Amino acid sequence: MMGGTMLIALLAASGGLFVAGAFGLVSRRGVLFQLISIEIMLGAPALAFIAAGAYHGNAAGQGMYVLVLALAAAEAALGLALYVRLRRGAAAEGSVGDSDGISELKR
Amino acid sequence: MNIAYLLLLAPAPALAGFGFLALAPFPMTRRPAALIGAVAGAAPFFIMLPVLFHCFGGGCDPAKIAPIMTLTFGETDVALALGLDGLSVIAGTTVSGIGALVLLYAVGYMAEERGRDVRRFFALMNLFVAGMLSVTLAADSIVFFLGWEIIGLCSFFLIGYYTDRPRALVGARKAFVMTRIADAALLAALLLLFLEAGSVRLADLIPAGVAMTPERQAMVAALLLVGALGKSAQLPFQTWLPTAMVGPTPVSALLHSATMVAAGAFLLARLAPIFAAAPMVAGVTAAIGLATAIFGAICALAQTDAKQMLAYSSISQIGFMVLALGLGAPGAAMAHFVIHAFFKSLLFLSAGVLSHSAGGSTAIRALAGGSARAPMAFLALAAGAASLAGLPFVTAGWYSKEAVLAAAWDAGVIGKLLWLLSLGAAAVTAAYAARLILAAAAPGAMNAAPNTDDRHSDDLARPSIRAPLVALAILALLGGVLVGPILHLLHEAHHDLAFIAVALGAIAPLLGAWVGYRLHAGGDAWLHTPFMRDARRGGQVDARYQAFVVRPFRRFKNRIARADPFEIRLPMPKVAAAEAEAAPIGGLLRRISRWRRARRPIRIRLPGWRAAEPVARLDLVGQATVSAGTFITRLATRALQPDRIDVAGTGAARAVGGFAEFVRRVQTGRVRDYLFALALGVGVLLLFA
Amino acid sequence: MNAGLAFVFALLGVAASALAATRTNAARAVAFLLASLLALGAAFFALDATFAGALQILVYAGAVVAVFIFVLITVDSSARAIDQEGRGMRQAWPAAALASALILAPLVFAPVPADPPSSVTPSTTKDVGTLLFGPWAIAVEAASFLLLAALIGVRHIGGRDRNEEEG
């Protein structure tokens with residue numbers, strides 16, 4: 001049994017997770033760190049869905065969690081593949097894994 | 001146990017054969033591929049046979065349904081099903097039977113092709129059999145249209161079977177585009193019917209179509225007619241069929257004569273009640289059918305190539321079916337459908353053997369001596385041609401053609417005229433059939449010319465080639481006994497003709513055959529008259545269209561654009577254009593244009609019109625239109641002569657450019673900055689929420 | 001089920017996340033990410049979401065972190081790189097903090113929802129299954145297509161070009 005206060009507390013914790021991830025995403029320059037931050041951010045909605053599902057006694061919360069999980073898995077795989085690709089290209093130039101280095105679209 | 005469920009099994013083996021041949025992940029040599037293809041393609045026939053006997057025993061009344069599956073989309077249930085009734089069983093058995101025989105023939109005929117090609121061939125043929133069966137057996141418009149598209153696709157691939165021959169690819173593309181136009185009309189008609197009935201079952205669509213308001217009914221019927229005409233290569237869509245003959249002979253025999261092109265006639269028979277309720281469209285149908293029958297017969301008479309002759313003959317014979325359908329006699333049409341399938345596939349198959357014994361040439365002249373080189377095939381060809389000509393009493397073709405003629409005879413005063421004209425077409429049919437046979441019977445070289453295909457004529461004496469020829473020959477001669485039961489199964493009374501009509505109907509083919517004999521005996525001079533040259537090219541519809549529609553339109557367009565006052569050379573052979581203009585039908589137009597050219601150019605001066613270029617050739621209509629157009633444009637733009645709007649527009653464009661320069665500085669290219677902006681945006685949105 | 005316990009674990013997760021987001025050493029950042037994900041998994045179990053908890057540990061903490069660890073091998077962990085990363089973060093943190101505050105602000109004003117009716121029962125794995133493979137089948141299919149696309153994309157992006165083979 002979960003009360004409304006507990007729900008808002010868990011949602012606040014979820015918000016905290018999201019903000020921690022967002023902070024990391026904006027403040028970091030290393031691509032790998034930014035990817036870690038995105039993983040953290042994706043954990044936030046997961047927690048929120050589970051908490052709301054438990055509050056309403058509804059299976060949809062866990063169902064949404066599964067979808068979030070699929071998204072996170074796809075994101076992690078693609079992000080890391082891009083990272084590996086970037087490193088391979090950047091290795092010759094010496095700037096390694098720095099997201100500020102990838103601004104070719106501007107030019 | 002409902003016997004209709006047996007129908008579900010009918011397309012299955014062919015489909016499985018296609019799936020296996022197309023997808024099996026290992027290479028296959030020629031022999032197993034051909035064997036699998038033939039067995040899988042012939043199996044449906046042995047499933048259809050018990051159904052047919054059940055039906056002749058009265059098991060088809062009332063019609064039964066074998067559901068496949070039901071899909072639910074929103075509020076509509078799409079219930080896919082196969083239907084068991086007289087029409088579907090007759091057409092389905094014919095299709096699967098001819099398919100089985102042609103595939104058997106193909107096992108021997110394709111024996112020299114490369115293994116990969118043989119596999120592709122049999123895979124597509126199996127898919128075709130499955131698609132054609134779903135067209136004939138369908139009880140709902142979805143399965144019907146699916147099959148319809150599948151057979152169109154198979155036709156495309158099989159016409160272009162010899163992928164290294166440019167003509168094959170061009171022919172395939174032409175067939176595809178032409179039938180696609182018609183298919184779009186069919187799709188529109190089926191969708192309109194669906195909207196009317198709220199169901200996809202044909203059993204619901206037909207009453208809904210009958211109950212529509214006359215205007216919508218005429219529209220739906222006309223669209224259906226266009227769909228059928230395109231598939232069946234009837235006027236004005238007939239041009240794709242002759243060029244489709246570049247595929248292998250079994251393809252021509254099965255798809256482009258016996259079954260696929262007749263699908264249009266089947267469509268009209270299936271939805272006959274709608275046409276019966278729309279007399280205008282039915283009249284047009286009959287007129288087109290008759291015109292096509294006559295046109296096809298004359299073109300066939302003029303051919304010098306056996307395959308082309310048979311192609312035009314198919315067009316003409318399907319015209320007879322369409323005529324019967326327009327007259328409200330689907331039973332007669334289906335009887336002719338069945339009999340035509342017998343004799344036309346027989347003609348193609350035996351002509352294929354004869355042309356191989358003649359060194360691979362399909363020219364009629366090259367068939368000379370065929371009776372000595374390949375007597376079996378010659379006899380089969382003779383049986384087929386006799387049936388095509390409709391020799392009285394001894395051939396199946398006479399009975400089915402008589403059924404069509406009887407339907408015309410009974411259709412009032414106009415019907416008598418139609419009867420007379422179709423009798424004329426039948427006589428011409430007998431004339432070209434006789435020409436074909438006499439050419440093959442003429443003495444010729446016993447030894448074949450150097451064989452271009454590396455194929456030996458003794459290869460073509462193997463049983464897998466002989467058996468279909470014998471079976472089809474028997475059917476083409478004795479199949480007449482089927483006409484009565486078919487009419488009975490489709491609940492159509494056999495029309496009884498007056499004695500004079502029967503007598504005339506019997507004399508016409510004999511007369512035609514005699515004319516054919518005279519033409520054959522009299523040398524080739526008649527073939528070189530302009531009329532015959534024109535007919536040999538199928539009336540040169542393509543070239544005429546190019547010469548009289550496309551080119552003037554482009555000329556007009558160019559003049560409007562003032563790009564080039566002289567006409568642009570089109571990628572069309574000059575000779576063809578010249579011949580098109582020289583041909584008799586073009587004579588009137590040619591005379592008109594000559595009269596126009598004879599006059600001196602006249603310049604019409606209108607205010608605001610400058611004669612910018614020398615007028616190449618007087619074209620009153622074009623000139624007037626252009627002058628009027630430029631005049632009006634000048635009037636409209638005069639007020640804006642110092643072009644203020646233009647200036648303002650340029651200024652605005654420049655301002656946008658400057659702003660963009662400014663905004664561009666925001667684009668740092670750094671991922672972090674974008675992410676920061678994103679986070680800010682999210683925060684602001686949350687504040688509003 | 002114990003919501004209080006869940007909240008404790010969630011707070012642990014937030015703390016671990018904050019640490020993960022601020023470490024300059026990649027290996028430590030990944031370790032804290034793992035800790036954060038495991039803490040969330042524990043919170044799910046405390047909320048009786050056993051299916052989600054199991055998935056969190058198996059897929060997230062197991063598979064996804066494993067991939068990160070593979071990539072760690074290639075990371076430049078020299079003192080110079082770590083120092084550069086730290087300097088970059090010290091320059092950028094005010095902006096990041098501003099954005100974070102903006103996102104967090106609305107949560108402060110969020111109303112506390114009423115207690116649900118007492119008849120709420122925790123949903124079982126079976127409920128989740130019937131939901132996913134019944135009414136949500138299309139969504140599951142879409143997710144599977146997403147994963148397939150990711151698979152092909154990774155194969156394409158990560159694979160070596162032909163002209164890169166020698167270099």
# chains A, B, ... in the order shown; residues from 1 in each chain; ligands from 1

call {"tool": "residues_around", "arguments": {"residues": "Met212 of chain B", "least_positions_apart": "3", "cutoff": "10 Å", "atoms": "only C-alpha atoms", "output": "list in words"}}
result
Leu193, Glu196, Ala197, Pro207, Ala208, Gly209, Glu215, Arg216, Gln217, Ala218, Val220, Ile274 and Ala277 of chain B

call {"tool": "residues_around", "arguments": {"residues": "Ala111 of chain B", "least_positions_apart": "6", "cutoff": "9 Å", "atoms": "only C-alpha atoms", "output": "number ranges by chain"}}
result
B: 30-31, 34, 118, 459

call {"tool": "residues_around", "arguments": {"residues": "segment 29-40 of chain C", "least_positions_apart": "6", "cutoff": "7 Å", "atoms": "only C-alpha atoms", "output": "NGL selection string"}}
result
:C and (9-10 or 12-14 or 16-17 or 19-21 or 23 or 57 or 60-61 or 65)

call {"tool": "write_last_selection", "arguments": {"atoms": "N, CA and C atoms", "output": "CSV table (one decimal), in the first residue's frame"}}
result
chain,number,residue,atom,x,y,z
C,9,PHE,N,16.1,3.4,-1.4
C,9,PHE,CA,16.9,2.9,-2.5
C,9,PHE,C,17.0,3.9,-3.7
C,10,ALA,N,15.9,4.6,-3.9
C,10,ALA,CA,15.8,5.6,-5.0
C,10,ALA,C,16.8,6.7,-4.6
C,12,LEU,N,19.5,6.5,-2.8
C,12,LEU,CA,20.8,5.9,-3.1
C,12,LEU,C,21.1,6.0,-4.5
C,13,GLY,N,20.1,5.7,-5.3
C,13,GLY,CA,20.4,5.7,-6.8
C,13,GLY,C,20.7,7.1,-7.3
C,14,VAL,N,19.9,8.1,-6.7
C,14,VAL,CA,20.2,9.5,-7.1
C,14,VAL,C,21.6,9.9,-6.7
C,16,ALA,N,24.2,7.9,-6.3
C,16,ALA,CA,25.2,7.2,-7.1
C,16,ALA,C,25.2,7.9,-8.5
C,17,SER,N,24.0,8.3,-9.0
C,17,SER,CA,24.0,8.9,-10.3
C,17,SER,C,24.7,10.3,-10.3
C,19,LEU,N,27.1,11.1,-8.5
C,19,LEU,CA,28.6,10.8,-8.5
C,19,LEU,C,29.0,10.3,-9.9
C,20,ALA,N,28.2,9.5,-10.5
C,20,ALA,CA,28.6,9.0,-11.8
C,20,ALA,C,28.7,10.1,-12.8
C,21,ALA,N,27.8,11.1,-12.7
C,21,ALA,CA,27.8,12.2,-13.6
C,21,ALA,C,29.0,13.2,-13.4
C,23,ARG,N,32.2,12.1,-12.1
C,23,ARG,CA,33.5,11.5,-12.0
C,23,ARG,C,34.3,11.9,-13.3
C,57,ILE,N,18.1,-5.6,-13.4
C,57,ILE,CA,19.4,-6.2,-13.0
C,57,ILE,C,20.0,-7.0,-14.2
C,60,TYR,N,19.8,-4.1,-17.7
C,60,TYR,CA,20.5,-2.8,-17.5
C,60,TYR,C,21.8,-3.1,-16.9
C,61,ALA,N,21.8,-3.6,-15.6
C,61,ALA,CA,23.0,-3.7,-14.9
C,61,ALA,C,23.9,-4.8,-15.5
C,65,VAL,N,25.6,-2.4,-19.0
C,65,VAL,CA,26.9,-2.0,-18.4
C,65,VAL,C,28.1,-2.8,-19.0

call {"tool": "closest_atom_pairs", "arguments": {"of": "chain B", "to": "chain A", "cutoff": "9 Å", "atoms": "only C-alpha atoms", "output": "JSON lines"}}
result
{"residue": "B:Gln667", "atom": "CA", "partner": "A:Lys106", "partner_atom": "CA", "distance": 6.7}
{"residue": "B:Thr668", "atom": "CA", "partner": "A:Lys106", "partner_atom": "CA", "distance": 6.9}
{"residue": "B:Gly669", "atom": "CA", "partner": "A:Ser103", "partner_atom": "CA", "distance": 4.4}
{"residue": "B:Arg670", "atom": "CA", "partner": "A:Asp100", "partner_atom": "CA", "distance": 4.9}
{"residue": "B:Val671", "atom": "CA", "partner": "A:Ser99", "partner_atom": "CA", "distance": 6.0}
{"residue": "B:Arg672", "atom": "CA", "partner": "A:Val26", "partner_atom": "CA", "distance": 5.4}
{"residue": "B:Asp673", "atom": "CA", "partner": "A:Val26", "partner_atom": "CA", "distance": 7.5}
{"residue": "B:Tyr674", "atom": "CA", "partner": "A:Val26", "partner_atom": "CA", "distance": 8.7}
{"residue": "B:Leu675", "atom": "CA", "partner": "A:Val26", "partner_atom": "CA", "distance": 5.9}
{"residue": "B:Phe676", "atom": "CA", "partner": "A:Val26", "partner_atom": "CA", "distance": 5.5}
{"residue": "B:Ala679", "atom": "CA", "partner": "A:Ala22", "partner_atom": "CA", "distance": 7.2}

call {"tool": "write_last_selection", "arguments": {"atoms": "N, CA and C atoms", "output": "PDB file, in the first residue's frame"}}
result
ATOM      1  N   GLN B 667      25.037  28.786 -33.999  1.00  0.00           N
ATOM      2  CA  GLN B 667      25.451  27.417 -34.323  1.00  0.00           C
ATOM      3  C   GLN B 667      26.928  27.252 -34.032  1.00  0.00           C
ATOM      4  N   THR B 668      27.266  26.827 -32.814  1.00  0.00           N
ATOM      5  CA  THR B 668      28.666  26.661 -32.475  1.00  0.00           C
ATOM      6  C   THR B 668      29.207  25.346 -32.982  1.00  0.00           C
ATOM      7  N   GLY B 669      28.295  24.388 -33.230  1.00  0.00           N
ATOM      8  CA  GLY B 669      28.760  23.076 -33.634  1.00  0.00           C
ATOM      9  C   GLY B 669      29.154  22.229 -32.443  1.00  0.00           C
ATOM     10  N   ARG B 670      29.065  22.791 -31.230  1.00  0.00           N
ATOM     11  CA  ARG B 670      29.454  21.992 -30.071  1.00  0.00           C
ATOM     12  C   ARG B 670      28.238  21.276 -29.504  1.00  0.00           C
ATOM     13  N   VAL B 671      28.359  19.982 -29.320  1.00  0.00           N
ATOM     14  CA  VAL B 671      27.231  19.165 -28.867  1.00  0.00           C
ATOM     15  C   VAL B 671      26.698  19.694 -27.537  1.00  0.00           C
ATOM     16  N   ARG B 672      27.650  20.094 -26.669  1.00  0.00           N
ATOM     17  CA  ARG B 672      27.229  20.546 -25.341  1.00  0.00           C
ATOM     18  C   ARG B 672      26.286  21.726 -25.405  1.00  0.00           C
ATOM     19  N   ASP B 673      26.596  22.663 -26.306  1.00  0.00           N
ATOM     20  CA  ASP B 673      25.756  23.856 -26.388  1.00  0.00           C
ATOM     21  C   ASP B 673      24.344  23.497 -26.821  1.00  0.00           C
ATOM     22  N   TYR B 674      24.256  22.579 -27.779  1.00  0.00           N
ATOM     23  CA  TYR B 674      22.921  22.170 -28.214  1.00  0.00           C
ATOM     24  C   TYR B 674      22.185  21.499 -27.076  1.00  0.00           C
ATOM     25  N   LEU B 675      22.896  20.652 -26.363  1.00  0.00           N
ATOM     26  CA  LEU B 675      22.249  19.959 -25.251  1.00  0.00           C
ATOM     27  C   LEU B 675      21.778  20.956 -24.200  1.00  0.00           C
ATOM     28  N   PHE B 676      22.576  21.995 -24.004  1.00  0.00           N
ATOM     29  CA  PHE B 676      22.195  23.012 -23.038  1.00  0.00           C
ATOM     30  C   PHE B 676      20.897  23.684 -23.472  1.00  0.00           C
ATOM     31  N   ALA B 679      18.061  21.370 -22.819  1.00  0.00           N
ATOM     32  CA  ALA B 679      17.676  21.294 -21.411  1.00  0.00           C
ATOM     33  C   ALA B 679      16.907  22.545 -21.008  1.00  0.00           C
TER      34      ALA B 679
END

call {"tool": "interface_residues", "arguments": {"of": "chain C", "to": "chain A", "cutoff": "6 Å", "atoms": "only C-alpha atoms", "output": "ChimeraX atom specification"}}
result
/C:7,14,18,21,89,92-93,96,100,113-115,120-123,127-128,147,150,154,158

call {"tool": "write_last_selection", "arguments": {"atoms": "C-alpha atoms", "output": "short mmCIF file (atom, residue, chain, number, x, y, z; two decimals), in the first residue's frame"}}
result
data_model
loop_
_atom_site.label_atom_id
_atom_site.label_comp_id
_atom_site.auth_asym_id
_atom_site.auth_seq_id
_atom_site.Cartn_x
_atom_site.Cartn_y
_atom_site.Cartn_z
CA PHE C 7 12.41 5.63 -1.46
CA VAL C 14 20.18 9.49 -7.12
CA ALA C 18 25.17 12.31 -9.20
CA ALA C 21 27.82 12.19 -13.64
CA MET C 89 33.52 20.41 -16.38
CA ALA C 92 30.67 24.45 -17.84
CA TRP C 93 28.98 23.66 -14.56
CA ALA C 96 24.42 22.95 -16.45
CA SER C 100 19.01 21.52 -13.95
CA PRO C 113 -1.97 13.29 -5.04
CA ALA C 114 -4.64 11.72 -2.89
CA ASP C 115 -4.18 8.26 -1.49
CA VAL C 120 -5.08 -1.70 -5.08
CA THR C 121 -3.24 -4.97 -5.56
CA PRO C 122 0.28 -5.17 -6.96
CA SER C 123 0.37 -6.28 -10.57
CA ASP C 127 -0.56 -9.15 -15.71
CA VAL C 128 2.40 -7.54 -17.46
CA LEU C 147 16.01 -3.06 -31.60
CA ALA C 150 19.68 -0.57 -33.74
CA VAL C 154 25.47 -0.79 -34.99
CA GLY C 158 30.78 -0.06 -36.00
#

call {"tool": "interface_residues", "arguments": {"of": "chain C", "to": "chain B", "cutoff": "7 Å", "atoms": "only C-alpha atoms", "output": "PDB file with C-alpha atoms, in the first residue's frame"}}
result
ATOM      1  CA  ALA C  96      24.423  22.954 -16.451  1.00  0.00           C
ATOM      2  CA  ALA C  99      19.361  24.047 -16.756  1.00  0.00           C
ATOM      3  CA  LEU C 102      14.908  24.979 -14.423  1.00  0.00           C
ATOM      4  CA  ILE C 103      13.939  21.349 -14.872  1.00  0.00           C
ATOM      5  CA  PRO C 106       8.183  22.643 -11.359  1.00  0.00           C
TER       6      PRO C 106
END

call {"tool": "residues_around", "arguments": {"residues": "Arg365 of chain B", "least_positions_apart": "3", "cutoff": "10 Å", "atoms": "only C-alpha atoms", "output": "list in words"}}
result
Thr304, Asp305, Ala306, Ala358, Ser361, Thr362, Ala368, Gly369, Leu436, Ala439, Ala440, Ala442 and Gly444 of chain B

call {"tool": "write_last_selection", "arguments": {"atoms": "C-alpha atoms", "output": "PDB file, in the first residue's frame"}}
result
ATOM      1  CA  THR B 304       3.890 -13.057 -91.116  1.00  0.00           C
ATOM      2  CA  ASP B 305       4.982 -14.371 -87.717  1.00  0.00           C
ATOM      3  CA  ALA B 306       3.176 -17.327 -86.172  1.00  0.00           C
ATOM      4  CA  ALA B 358      12.410 -25.072 -88.184  1.00  0.00           C
ATOM      5  CA  SER B 361      12.285 -19.120 -86.352  1.00  0.00           C
ATOM      6  CA  THR B 362       8.673 -18.271 -85.642  1.00  0.00           C
ATOM      7  CA  ALA B 368       6.927 -24.842 -94.324  1.00  0.00           C
ATOM      8  CA  GLY B 369       7.785 -28.502 -94.204  1.00  0.00           C
ATOM      9  CA  LEU B 436      -1.307 -21.122 -90.696  1.00  0.00           C
ATOM     10  CA  ALA B 439       1.908 -22.864 -94.481  1.00  0.00           C
ATOM     11  CA  ALA B 440       2.940 -25.703 -92.203  1.00  0.00           C
ATOM     12  CA  ALA B 442       3.527 -26.835 -97.585  1.00  0.00           C
ATOM     13  CA  GLY B 444       9.765 -27.544 -97.173  1.00  0.00           C
TER      14      GLY B 444
END

call {"tool": "closest_residue", "arguments": {"among": "B:Pro509, B:Ala203, B:Gly131, B:Leu186", "to": "Pro62 of chain B", "atoms": "only C-alpha atoms"}}
result
B:Ala203

call {"tool": "residues_around", "arguments": {"residues": "Arg119 of chain B", "least_positions_apart": "6", "cutoff": "12 Å", "atoms": "only C-alpha atoms", "output": "PyMOL selection string"}}
result
chain B and resi 17-24+26-38+106-107+110-111+113+125-126+161

call {"tool": "write_last_selection", "arguments": {"atoms": "N, CA and C atoms", "output": "compact mmCIF listing (two decimals), in the first residue's frame"}}
result
# COMPACT_ATOMS: atom_id res chain seq x y z
N GLY B 17 5.19 -24.54 -53.97
CA GLY B 17 6.22 -24.75 -54.97
C GLY B 17 6.97 -23.47 -55.26
N PHE B 18 6.22 -22.37 -55.37
CA PHE B 18 6.88 -21.08 -55.58
C PHE B 18 7.80 -20.75 -54.42
N GLY B 19 7.28 -20.91 -53.20
CA GLY B 19 8.08 -20.56 -52.02
C GLY B 19 9.35 -21.38 -51.98
N PHE B 20 9.22 -22.68 -52.27
CA PHE B 20 10.40 -23.54 -52.18
C PHE B 20 11.41 -23.17 -53.25
N LEU B 21 10.93 -23.03 -54.49
CA LEU B 21 11.86 -22.75 -55.58
C LEU B 21 12.50 -21.37 -55.42
N ALA B 22 11.74 -20.44 -54.87
CA ALA B 22 12.26 -19.07 -54.79
C ALA B 22 13.19 -18.90 -53.60
N LEU B 23 12.93 -19.62 -52.52
CA LEU B 23 13.62 -19.30 -51.27
C LEU B 23 14.59 -20.38 -50.82
N ALA B 24 14.51 -21.59 -51.36
CA ALA B 24 15.38 -22.65 -50.85
C ALA B 24 16.83 -22.19 -50.96
N PHE B 26 19.72 -23.31 -51.32
CA PHE B 26 20.82 -24.05 -51.91
C PHE B 26 20.63 -24.10 -53.43
N PRO B 27 21.71 -24.21 -54.15
CA PRO B 27 21.58 -24.26 -55.61
C PRO B 27 20.89 -25.54 -56.04
N MET B 28 20.21 -25.45 -57.17
CA MET B 28 19.43 -26.58 -57.63
C MET B 28 19.74 -26.79 -59.11
N THR B 29 19.93 -28.01 -59.49
CA THR B 29 20.17 -28.25 -60.92
C THR B 29 18.84 -28.23 -61.65
N ARG B 30 18.94 -28.35 -62.99
CA ARG B 30 17.77 -28.16 -63.83
C ARG B 30 16.68 -29.17 -63.53
N ARG B 31 17.09 -30.45 -63.41
CA ARG B 31 16.10 -31.51 -63.35
C ARG B 31 15.22 -31.44 -62.10
N PRO B 32 15.81 -31.38 -60.90
CA PRO B 32 14.93 -31.31 -59.72
C PRO B 32 14.07 -30.05 -59.71
N ALA B 33 14.62 -28.94 -60.17
CA ALA B 33 13.82 -27.71 -60.17
C ALA B 33 12.60 -27.88 -61.06
N ALA B 34 12.82 -28.44 -62.27
CA ALA B 34 11.70 -28.63 -63.19
C ALA B 34 10.69 -29.62 -62.62
N LEU B 35 11.22 -30.65 -61.98
CA LEU B 35 10.33 -31.68 -61.43
C LEU B 35 9.45 -31.10 -60.33
N ILE B 36 10.09 -30.40 -59.40
CA ILE B 36 9.32 -29.81 -58.30
C ILE B 36 8.29 -28.84 -58.86
N GLY B 37 8.75 -28.00 -59.80
CA GLY B 37 7.85 -27.00 -60.37
C GLY B 37 6.65 -27.64 -61.04
N ALA B 38 6.90 -28.70 -61.81
CA ALA B 38 5.80 -29.32 -62.54
C ALA B 38 4.84 -30.02 -61.59
N ALA B 106 6.50 -27.73 -70.38
CA ALA B 106 7.67 -26.90 -70.10
C ALA B 106 8.83 -27.72 -69.57
N VAL B 107 8.54 -28.83 -68.89
CA VAL B 107 9.63 -29.67 -68.39
C VAL B 107 10.50 -30.11 -69.56
N MET B 110 11.93 -26.62 -71.61
CA MET B 110 12.96 -25.82 -70.98
C MET B 110 14.22 -26.63 -70.67
N ALA B 111 14.29 -27.85 -71.23
CA ALA B 111 15.34 -28.77 -70.81
C ALA B 111 16.73 -28.25 -71.10
N GLU B 113 17.71 -24.98 -70.92
CA GLU B 113 18.06 -23.71 -70.29
C GLU B 113 19.02 -23.95 -69.14
N MET B 125 6.04 -19.56 -62.67
CA MET B 125 4.86 -20.22 -63.21
C MET B 125 3.98 -20.74 -62.08
N ASN B 126 4.62 -21.27 -61.03
CA ASN B 126 3.84 -21.74 -59.88
C ASN B 126 3.11 -20.59 -59.20
N TYR B 161 11.51 -12.61 -69.31
CA TYR B 161 12.27 -13.76 -68.81
C TYR B 161 13.69 -13.77 -69.37

call {"tool": "residues_around", "arguments": {"residues": "Ser78 of chain C", "least_positions_apart": "5", "cutoff": "12 Å", "atoms": "only C-alpha atoms", "output": "mmCIF file with C-alpha atoms, in the first residue's frame"}}
result
data_model
loop_
_atom_site.group_PDB
_atom_site.id
_atom_site.type_symbol
_atom_site.label_atom_id
_atom_site.label_comp_id
_atom_site.auth_asym_id
_atom_site.auth_seq_id
_atom_site.Cartn_x
_atom_site.Cartn_y
_atom_site.Cartn_z
ATOM 1 C CA VAL A 96 39.999 11.774 -28.307
ATOM 2 C CA THR C 24 36.445 12.423 -14.289
ATOM 3 C CA ASN C 25 37.753 8.865 -14.382
ATOM 4 C CA ALA C 26 35.712 6.831 -16.825
ATOM 5 C CA ASP C 83 42.681 16.674 -16.061
ATOM 6 C CA GLN C 84 41.326 18.059 -19.314
ATOM 7 C CA GLU C 85 37.937 16.522 -18.633
#

call {"tool": "select_by_dssp", "arguments": {"residues": "segment 19-250 of chain B", "states": "alpha helix (DSSP H)", "output": "PyMOL selection string"}}
result
chain B and resi 19-23+30-54+86-109+115-137+141-159+166-197+202-210+214-231+240-243+249-250

call {"tool": "residues_around", "arguments": {"residues": "Ala175 of chain B", "least_positions_apart": "6", "cutoff": "12 Å", "atoms": "only C-alpha atoms", "output": "PyMOL selection string"}}
result
chain B and resi 151-160+168-169+181-183+230-233+237-247+256+261

call {"tool": "atom_distance", "arguments": {"atom1": "atom CA of Leu146 of chain B", "atom2": "atom CA of Ala341 of chain B"}}
result
22.7 Å
